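Q: Provided herewith: target-v9.csv, CSV, C-alpha atoms and all ligand atoms.
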```csv
chain,number,residue,atom,x,y,z
A,1,MET,CA,-2.3,37.0,-33.3
A,2,SER,CA,-2.0,35.1,-30.1
A,3,HIS,CA,0.1,36.6,-27.4
A,4,ASN,CA,1.6,34.6,-24.5
A,5,PRO,CA,2.3,37.2,-21.8
A,6,ASP,CA,4.6,34.9,-19.9
A,7,PRO,CA,6.5,32.4,-22.0
A,8,GLU,CA,8.6,31.4,-19.0
A,9,ARG,CA,5.6,30.5,-16.9
A,10,GLN,CA,5.8,27.1,-15.4
A,11,VAL,CA,3.1,24.5,-15.6
A,12,ARG,CA,0.7,25.0,-12.7
A,13,ARG,CA,0.2,21.7,-11.0
A,14,ALA,CA,-2.1,20.9,-8.2
A,15,VAL,CA,-2.9,17.8,-6.1
A,16,CYS,CA,-6.4,16.9,-4.8
A,17,PRO,CA,-5.6,14.4,-2.0
A,18,GLY,CA,-7.9,12.2,-0.1
A,19,SER,CA,-9.0,8.7,0.9
A,20,PHE,CA,-11.9,8.5,-1.7
A,21,ASP,CA,-13.4,5.5,0.0
A,22,PRO,CA,-15.3,5.8,-2.3
A,23,VAL,CA,-15.3,8.9,-4.5
A,24,THR,CA,-18.5,11.0,-4.1
A,25,ASN,CA,-20.2,13.7,-6.3
A,26,GLY,CA,-18.8,16.2,-3.7
A,27,HIS,CA,-15.2,15.1,-4.6
A,28,ILE,CA,-16.0,15.3,-8.3
A,29,ASP,CA,-17.3,18.9,-7.8
A,30,ILE,CA,-14.0,19.9,-6.3
A,31,ILE,CA,-11.8,18.0,-8.8
A,32,SER,CA,-13.7,19.5,-11.8
A,33,ARG,CA,-13.4,23.0,-10.4
A,34,ALA,CA,-9.7,22.5,-9.7
A,35,SER,CA,-9.2,21.3,-13.3
A,36,LEU,CA,-10.4,24.8,-14.5
A,37,LEU,CA,-7.9,26.6,-12.2
A,38,PHE,CA,-4.7,24.6,-12.9
A,39,ASP,CA,-2.9,23.2,-15.9
A,40,GLU,CA,-2.6,19.8,-14.4
A,41,VAL,CA,-4.4,18.2,-11.5
A,42,VAL,CA,-3.3,14.9,-9.8
A,43,VAL,CA,-6.0,13.2,-7.7
A,44,ALA,CA,-3.9,11.5,-5.1
A,45,VAL,CA,-5.3,8.5,-3.2
A,46,GLY,CA,-3.7,8.1,0.3
A,47,ILE,CA,-2.5,4.6,0.8
A,48,ASN,CA,-2.2,4.2,4.5
A,49,LYS,CA,-1.5,0.5,5.2
A,50,SER,CA,-2.4,0.8,8.9
A,51,LYS,CA,-5.9,2.0,7.9
A,52,SER,CA,-6.4,-0.6,5.1
A,53,ARG,CA,-8.7,-2.8,7.3
A,54,ALA,CA,-10.9,0.2,8.0
A,55,ARG,CA,-11.4,0.9,4.3
A,56,LEU,CA,-14.3,-0.5,2.3
A,57,PHE,CA,-12.3,-0.5,-0.9
A,58,THR,CA,-8.6,-1.3,-1.6
A,59,ALA,CA,-6.4,1.5,-2.9
A,60,GLU,CA,-6.5,-0.1,-6.4
A,61,GLU,CA,-10.3,-0.1,-6.4
A,62,ARG,CA,-10.5,3.5,-5.2
A,63,MET,CA,-8.1,4.5,-7.9
A,64,SER,CA,-9.9,2.6,-10.6
A,65,MET,CA,-13.2,4.2,-9.7
A,66,LEU,CA,-11.6,7.7,-9.8
A,67,GLU,CA,-9.9,7.0,-13.1
A,68,LYS,CA,-13.3,6.2,-14.6
A,69,VAL,CA,-15.0,9.3,-13.2
A,70,CYS,CA,-12.1,11.6,-14.1
A,71,ALA,CA,-11.8,10.4,-17.7
A,72,ASP,CA,-13.9,13.4,-18.8
A,73,PHE,CA,-11.3,15.9,-17.5
A,74,PRO,CA,-8.3,15.9,-19.9
A,75,ASN,CA,-5.9,17.5,-17.5
A,76,VAL,CA,-6.7,15.3,-14.5
A,77,THR,CA,-4.7,12.1,-13.6
A,78,VAL,CA,-5.0,9.7,-10.7
A,79,ALA,CA,-2.1,8.4,-8.6
A,80,GLY,CA,-1.6,6.7,-5.2
A,81,PHE,CA,0.7,7.9,-2.6
A,82,GLU,CA,2.2,6.5,0.6
A,83,GLY,CA,3.8,8.6,3.4
A,84,LEU,CA,3.7,12.3,3.5
A,85,LEU,CA,1.7,14.3,1.0
A,86,THR,CA,4.5,16.9,0.9
A,87,THR,CA,7.0,14.3,-0.3
A,88,PHE,CA,4.6,13.4,-3.2
A,89,CYS,CA,4.3,17.1,-4.0
A,90,GLU,CA,8.1,17.5,-4.1
A,91,GLU,CA,8.6,14.5,-6.3
A,92,ARG,CA,6.0,15.7,-8.8
A,93,GLY,CA,6.8,19.4,-8.8
A,94,ILE,CA,3.4,20.2,-7.3
A,95,ARG,CA,3.1,23.6,-5.5
A,96,ALA,CA,-0.6,23.6,-4.7
A,97,ILE,CA,-2.8,21.3,-2.6
A,98,VAL,CA,-6.5,21.7,-3.3
A,99,LYS,CA,-9.0,20.9,-0.5
A,100,GLY,CA,-12.7,21.3,-0.5
A,101,LEU,CA,-14.3,23.0,2.5
A,102,ARG,CA,-17.8,21.9,3.3
A,103,ALA,CA,-18.4,23.8,6.5
A,104,VAL,CA,-16.6,25.8,9.2
A,105,SER,CA,-16.1,22.6,11.1
A,106,ASP,CA,-13.8,21.4,8.4
A,107,PHE,CA,-11.7,24.5,8.6
A,108,ASP,CA,-9.8,23.9,12.0
A,109,TYR,CA,-8.2,20.7,11.0
A,110,GLU,CA,-7.6,21.7,7.4
A,111,LEU,CA,-5.9,24.9,8.5
A,112,GLN,CA,-3.6,22.9,10.8
A,113,MET,CA,-2.7,20.5,8.0
A,114,ALA,CA,-2.2,23.4,5.5
A,115,GLN,CA,0.2,25.1,7.9
A,116,MET,CA,2.0,21.9,8.7
A,117,ASN,CA,2.4,21.1,5.0
A,118,SER,CA,3.7,24.6,4.1
A,119,SER,CA,6.2,24.4,7.0
A,120,LEU,CA,7.6,21.2,5.5
A,121,VAL,CA,7.9,22.2,1.8
A,122,ASP,CA,7.2,25.0,-0.5
A,123,VAL,CA,3.5,24.3,-1.1
A,124,GLU,CA,0.3,26.3,-0.8
A,125,THR,CA,-3.1,24.9,0.2
A,126,VAL,CA,-6.0,26.3,-1.9
A,127,PHE,CA,-9.5,25.9,-0.3
A,128,ILE,CA,-12.5,25.6,-2.6
A,129,PRO,CA,-15.9,25.9,-1.0
A,130,THR,CA,-18.0,22.9,-1.7
A,131,SER,CA,-21.1,23.6,-3.8
A,132,PRO,CA,-24.0,23.9,-1.4
A,133,GLU,CA,-25.8,20.8,-2.7
A,134,TYR,CA,-22.9,18.7,-1.5
A,135,SER,CA,-22.1,20.5,1.8
A,136,PHE,CA,-23.4,17.5,3.9
A,137,LEU,CA,-21.7,14.9,1.8
A,138,ALA,CA,-19.0,12.5,3.1
A,139,SER,CA,-17.9,9.1,2.0
A,140,SER,CA,-18.3,7.8,5.6
A,141,LEU,CA,-22.0,8.9,5.6
A,142,VAL,CA,-22.7,7.5,2.2
A,143,LYS,CA,-21.4,4.1,3.4
A,144,GLU,CA,-23.4,4.2,6.5
A,145,VAL,CA,-26.6,5.2,4.8
A,146,ALA,CA,-26.1,2.6,2.1
A,147,THR,CA,-25.4,-0.1,4.7
A,148,PHE,CA,-28.8,0.4,6.2
A,149,GLY,CA,-30.6,0.5,2.8
A,150,GLY,CA,-30.8,4.2,2.3
A,151,ASP,CA,-30.9,5.7,-1.2
A,152,VAL,CA,-27.5,7.2,-2.1
A,153,SER,CA,-28.0,7.2,-5.8
A,154,GLY,CA,-27.9,11.0,-6.1
A,155,LEU,CA,-24.7,11.3,-4.1
A,156,ILE,CA,-22.2,9.1,-6.0
A,157,PRO,CA,-21.6,8.2,-9.6
A,158,THR,CA,-23.7,5.3,-11.0
A,159,ASP,CA,-20.6,2.9,-11.4
A,160,VAL,CA,-19.6,3.7,-7.9
A,161,LEU,CA,-23.1,2.9,-6.6
A,162,THR,CA,-22.9,-0.5,-8.4
A,163,ARG,CA,-19.6,-1.3,-6.8
A,164,LEU,CA,-20.7,0.0,-3.4
A,165,THR,CA,-23.9,-2.1,-3.5
A,166,GLU,CA,-21.8,-5.2,-4.4
A,167,ARG,CA,-19.2,-4.7,-1.7
A,168,LEU,CA,-21.8,-4.1,1.0
A,169,ALA,CA,-23.6,-7.3,0.0
A,170,GLU,CA,-20.3,-9.2,0.1
A,171,ARG,CA,-19.6,-7.8,3.6
A,172,ALA,CA,-23.1,-8.7,4.8
A,173,ARG,CA,-22.6,-12.3,3.5
A,174,GLU,CA,-19.2,-12.5,5.3
A,175,ASP,CA,-20.8,-11.2,8.5
A,176,ARG,CA,-23.5,-13.9,8.3
A,177,ALA,CA,-21.0,-16.7,7.7
A,201,LIG,O1,-10.2,12.1,2.5
A,201,LIG,P1,-9.4,12.3,3.8
A,201,LIG,O2,-9.4,11.1,4.6
A,201,LIG,O3,-9.8,13.5,4.5
A,201,LIG,O4,-7.8,12.5,3.3
A,201,LIG,C1,-6.8,12.8,4.2
A,201,LIG,C2,-5.5,12.9,3.5
A,201,LIG,C3,-5.1,11.6,2.8
A,201,LIG,C4,-5.5,14.0,2.5
A,201,LIG,C5,-4.5,13.2,4.7
A,201,LIG,O5,-4.6,12.3,5.7
A,201,LIG,C6,-3.0,13.2,4.2
A,201,LIG,O6,-2.6,14.2,3.6
A,201,LIG,N1,-2.3,12.1,4.5
A,201,LIG,C7,-1.0,11.9,4.1
A,201,LIG,C8,0.0,11.9,5.3
A,201,LIG,C9,0.5,13.2,5.6
A,201,LIG,O7,1.0,13.9,4.8
A,201,LIG,N2,0.2,13.6,6.9
A,201,LIG,C10,0.5,14.9,7.4
A,201,LIG,C11,-0.6,15.9,7.2
A,201,LIG,S1,-0.2,17.5,7.8
```
Starting from the file, give its structure as structure tokens.
Ligand code: PNS

A:
Amino acid sequence: MSHNPDPERQVRRAVCPGSFDPVTNGHIDIISRASLLFDEVVVAVGINKSKSRARLFTAEERMSMLEKVCADFPNVTVAGFEGLLTTFCEERGIRAIVKGLRAVSDFDYELQMAQMNSSLVDVETVFIPTSPEYSFLASSLVKEVATFGGDVSGLIPTDVLTRLTERLAERAREDRA
């Protein structure tokens, strides 16, 4: 006979926020592990209009790549958000923010953001240590290495690699024109 020890227990929701420009295998590592800890996980893509020129991919493109790579996780959805992450959490009934920590150097700023966010609303930040094989991985480095012809095929999903290669070729053509 199954026994639910806490029938009143609320659905445990978490958000994995980020820029995801583009999503890397390091992000997927954190999202997949968060999906095992929470009932529902929302991967939230920050849409900061003032930074849109600095992005390689539009918010729609970043979300579409994430939707594809997250399709294997039944309790994971993808959304965009503008403004404060804490407002997004309040609107969605989310009480946990999941962040991956690659190294101690990540910790200072992440701690500051975690404390600021919990001062604004009732939300906890949960840090998940990045798996060691991804500890050096960052979207910015992937873009830089790929721009100069380096092999990033083991660092991002195959579909993302295809889109990255196409986008960098487009940018190179624009720069030459
Ligand atoms: O992948 P990134 O660039 O490290 O993601 C940063 C992100 C989007 C998670 C962070 O900048 C953020 O939460 N932005 C939303 C605006 C906000 O709430 N700022 C206050 C943070 S304390």

Q: Quick one: residues within 9 Å of Glu124 of chain A, all atoms listed in the file, excluding same-chain residues fewer than 6 positions away - as an mmCIF file with C-alpha atoms, keeping the file's coordinate frame?

A:
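Contents of out_29.cif, freshly written:
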```cif
data_model
loop_
_atom_site.group_PDB
_atom_site.id
_atom_site.type_symbol
_atom_site.label_atom_id
_atom_site.label_comp_id
_atom_site.auth_asym_id
_atom_site.auth_seq_id
_atom_site.Cartn_x
_atom_site.Cartn_y
_atom_site.Cartn_z
ATOM 1 C CA ARG A 95 3.100 23.600 -5.500
ATOM 2 C CA ALA A 96 -0.600 23.600 -4.700
ATOM 3 C CA ILE A 97 -2.800 21.300 -2.600
ATOM 4 C CA VAL A 98 -6.500 21.700 -3.300
ATOM 5 C CA ALA A 114 -2.200 23.400 5.500
ATOM 6 C CA GLN A 115 0.200 25.100 7.900
ATOM 7 C CA ASN A 117 2.400 21.100 5.000
ATOM 8 C CA SER A 118 3.700 24.600 4.100
#
```

Q: What separation in Å, quoted to one decimal, exists between atom CA of Thr130 of chain A and atom CA of Phe107 of chain A?

A: 12.2 Å

Q: Show me which residues sit within 9 Å of ligand LIG 201 (chain A) when counting all atoms listed in the file, and put them as a PyMOL selection string.

A: chain A and resi 16-21+44-48+81-88+99+110+112-118+120+138-139

Q: Go ahead and compute the interatomic distance for atom CA of Gly100 of chain A and atom CA of Pro129 of chain A, in Å to one decimal.

A: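 Going from atom CA of Gly100 of chain A over to atom CA of Pro129 of chain A covers 5.6 Å.
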
Q: Measuring between only C-alpha atoms, which one of A:Leu168, A:Gly93, A:Leu137, A:Ser131 shows the shortest distance to Gly149 of chain A?

A: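 Result for the nearest residue to Gly149 of chain A: A:Leu168.
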
Q: Excluding segment 56-68 of chain A and its own-chain neighbours fewer than 4 positions away, which residues fall within 12 Å of it when counting all atoms listed in the file? Please give them as a PyMOL selection string.

A: chain A and resi 16-25+27-28+31+42-49+51-52+72-74+76-82+139-140+142-144+147+156-171

Q: Atom CA of Gly26 of chain A and atom CA of Leu155 of chain A, how far apart in Å?

A: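 Computed distance, atom CA of Leu155 of chain A to atom CA of Gly26 of chain A, equals 7.7 Å.
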
Q: Given the choices A:Asp151, A:Arg53, A:Glu90, A:Ala14, which gets closest to Phe127 of chain A if the distance is worked out from only C-alpha atoms?

A: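 Selected residue with least distance to Phe127 of chain A: A:Ala14.
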
Q: Of the candidates A:Tyr134, A:Val121, A:Gln10, A:Asp106, which shows the shortest atom-to-atom distance to Glu91 of chain A, using all atoms listed in the file?

A: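 For Glu91 of chain A, the nearest of the candidates is A:Val121.
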
Q: So, counting all atoms listed in the file, which residue among A:Ala54, A:Ser153, A:Asn75, A:Leu101 is closest to Val126 of chain A?

A: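 Using all atoms listed in the file, the shortest distance to Val126 of chain A belongs to A:Leu101.
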
Q: Measuring atom to atom with only C-alpha atoms, identify which of A:Leu37, A:Arg102, A:Asp6, A:Val15 is nearest to Thr125 of chain A.

A: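 Ranked by minimum distance to Thr125 of chain A, first place goes to A:Val15.
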